[in-house]
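Take a look at the structure set out below.
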Amino acid sequence: MTQVFLSYSTKDHHFAELLSIQMKAAEIKLWRDIGELRAGTGWREGIEEGIADSIAVIVALSENSAASSYVTFEWAYAMGMQKAIIPIKLTECDIHAKLKPIQYLDF
């Protein structure tokens, strides 16, 4: 099954839940922290593996994610691995200069 990684702020969990339902209906596995990271394991290694095993990374753009160093790490790591980046704009927010040239979907 095709896997896509979701990079988002946990403050935007409602969007993550909705996307998870839609991806499941489309038979696409959505990798996200909830359900994938296990207690007692290294979360950074888990995230790196999740990105490596995915064909693309969806970046949920919001003021919450713009302020998150973890979200920045995730999409930057994915760019370094030359993964497809799909930004989805949830709310008006500052968009990092590295993400600005990538066309986003307006949620």
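Scheme for the structure tokens: letters A, B, ... for chains in order shown; per-chain residue numbers from 1; ligand numbers from 1 in order shown.
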When DSSP is applied to the backbone of this structure, which of chain A are assigned strand (DSSP E or B)? Write them out as a ChimeraX atom specification.
/A:3-7,29-31,56-61,84-89,105-106
Go ahead and dump the residues you just picked, N, CA and C atoms, as a PDB file, in the first residue's frame.
ATOM      1  N   GLN A   3       2.238   4.800   0.920  1.00  0.00           N
ATOM      2  CA  GLN A   3       2.268   5.538   2.184  1.00  0.00           C
ATOM      3  C   GLN A   3       2.668   6.987   1.944  1.00  0.00           C
ATOM      4  N   VAL A   4       1.960   7.887   2.644  1.00  0.00           N
ATOM      5  CA  VAL A   4       2.249   9.319   2.613  1.00  0.00           C
ATOM      6  C   VAL A   4       2.434   9.773   4.053  1.00  0.00           C
ATOM      7  N   PHE A   5       3.434  10.597   4.291  1.00  0.00           N
ATOM      8  CA  PHE A   5       3.752  11.113   5.629  1.00  0.00           C
ATOM      9  C   PHE A   5       3.042  12.446   5.826  1.00  0.00           C
ATOM     10  N   LEU A   6       2.451  12.642   7.003  1.00  0.00           N
ATOM     11  CA  LEU A   6       1.806  13.914   7.329  1.00  0.00           C
ATOM     12  C   LEU A   6       2.652  14.671   8.342  1.00  0.00           C
ATOM     13  N   SER A   7       3.070  15.865   7.958  1.00  0.00           N
ATOM     14  CA  SER A   7       3.792  16.772   8.841  1.00  0.00           C
ATOM     15  C   SER A   7       2.823  17.872   9.244  1.00  0.00           C
ATOM     16  N   LYS A  29      -2.084   4.734   2.828  1.00  0.00           N
ATOM     17  CA  LYS A  29      -1.701   4.737   4.239  1.00  0.00           C
ATOM     18  C   LYS A  29      -1.130   6.106   4.593  1.00  0.00           C
ATOM     19  N   LEU A  30      -1.663   6.697   5.630  1.00  0.00           N
ATOM     20  CA  LEU A  30      -1.167   7.981   6.115  1.00  0.00           C
ATOM     21  C   LEU A  30      -0.308   7.738   7.348  1.00  0.00           C
ATOM     22  N   TRP A  31       0.977   8.081   7.252  1.00  0.00           N
ATOM     23  CA  TRP A  31       1.873   7.972   8.404  1.00  0.00           C
ATOM     24  C   TRP A  31       1.755   9.261   9.186  1.00  0.00           C
ATOM     25  N   ALA A  56       5.632  10.585  -0.463  1.00  0.00           N
ATOM     26  CA  ALA A  56       5.453  12.040  -0.428  1.00  0.00           C
ATOM     27  C   ALA A  56       5.223  12.475   1.010  1.00  0.00           C
ATOM     28  N   VAL A  57       5.382  13.774   1.240  1.00  0.00           N
ATOM     29  CA  VAL A  57       5.129  14.368   2.552  1.00  0.00           C
ATOM     30  C   VAL A  57       4.122  15.495   2.364  1.00  0.00           C
ATOM     31  N   ILE A  58       3.002  15.368   3.073  1.00  0.00           N
ATOM     32  CA  ILE A  58       2.009  16.440   3.104  1.00  0.00           C
ATOM     33  C   ILE A  58       2.377  17.343   4.267  1.00  0.00           C
ATOM     34  N   VAL A  59       2.477  18.642   4.002  1.00  0.00           N
ATOM     35  CA  VAL A  59       2.788  19.616   5.043  1.00  0.00           C
ATOM     36  C   VAL A  59       1.540  20.464   5.265  1.00  0.00           C
ATOM     37  N   ALA A  60       0.963  20.369   6.453  1.00  0.00           N
ATOM     38  CA  ALA A  60      -0.204  21.172   6.811  1.00  0.00           C
ATOM     39  C   ALA A  60       0.290  22.556   7.230  1.00  0.00           C
ATOM     40  N   LEU A  61      -0.007  23.554   6.420  1.00  0.00           N
ATOM     41  CA  LEU A  61       0.467  24.910   6.681  1.00  0.00           C
ATOM     42  C   LEU A  61      -0.556  25.681   7.520  1.00  0.00           C
ATOM     43  N   ALA A  84       8.638  14.063  -2.602  1.00  0.00           N
ATOM     44  CA  ALA A  84       7.660  15.039  -3.075  1.00  0.00           C
ATOM     45  C   ALA A  84       7.042  15.727  -1.863  1.00  0.00           C
ATOM     46  N   ILE A  85       6.920  17.045  -1.922  1.00  0.00           N
ATOM     47  CA  ILE A  85       6.339  17.832  -0.839  1.00  0.00           C
ATOM     48  C   ILE A  85       5.012  18.398  -1.347  1.00  0.00           C
ATOM     49  N   ILE A  86       3.947  18.164  -0.581  1.00  0.00           N
ATOM     50  CA  ILE A  86       2.621  18.651  -0.945  1.00  0.00           C
ATOM     51  C   ILE A  86       2.110  19.529   0.192  1.00  0.00           C
ATOM     52  N   PRO A  87       2.261  20.857   0.073  1.00  0.00           N
ATOM     53  CA  PRO A  87       1.750  21.747   1.115  1.00  0.00           C
ATOM     54  C   PRO A  87       0.227  21.918   0.991  1.00  0.00           C
ATOM     55  N   ILE A  88      -0.440  21.878   2.119  1.00  0.00           N
ATOM     56  CA  ILE A  88      -1.877  22.152   2.186  1.00  0.00           C
ATOM     57  C   ILE A  88      -2.062  23.289   3.177  1.00  0.00           C
ATOM     58  N   LYS A  89      -2.581  24.406   2.683  1.00  0.00           N
ATOM     59  CA  LYS A  89      -2.725  25.595   3.521  1.00  0.00           C
ATOM     60  C   LYS A  89      -4.049  25.538   4.280  1.00  0.00           C
ATOM     61  N   LEU A 105      -2.080  23.470  -1.933  1.00  0.00           N
ATOM     62  CA  LEU A 105      -3.523  23.306  -2.050  1.00  0.00           C
ATOM     63  C   LEU A 105      -4.157  24.130  -0.940  1.00  0.00           C
ATOM     64  N   ASP A 106      -5.214  24.831  -1.268  1.00  0.00           N
ATOM     65  CA  ASP A 106      -5.903  25.652  -0.273  1.00  0.00           C
ATOM     66  C   ASP A 106      -7.036  24.840   0.330  1.00  0.00           C
TER      67      ASP A 106
END
Find the spatial neighbours of segment 72-75 of chain A, counting only C-alpha atoms, within a cut-off of 12 Å - ignore same-chain residues fewer than 2 positions away - and output them as a PyMOL selection string.
chain A and resi 5-9+32-33+43-52+56-61+64-70+77-87+95-99
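In terms of minimum interatomic distance to Val71 of chain A, A:Lys11 ranks closest within A:Lys11, A:Ser54, A:Leu18, A:Thr2, counting only C-alpha atoms.
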Please compute the atom CA of Leu90 of chain A-atom CA of Phe15 of chain A distance, one decimal, in Å.
8.2 Å
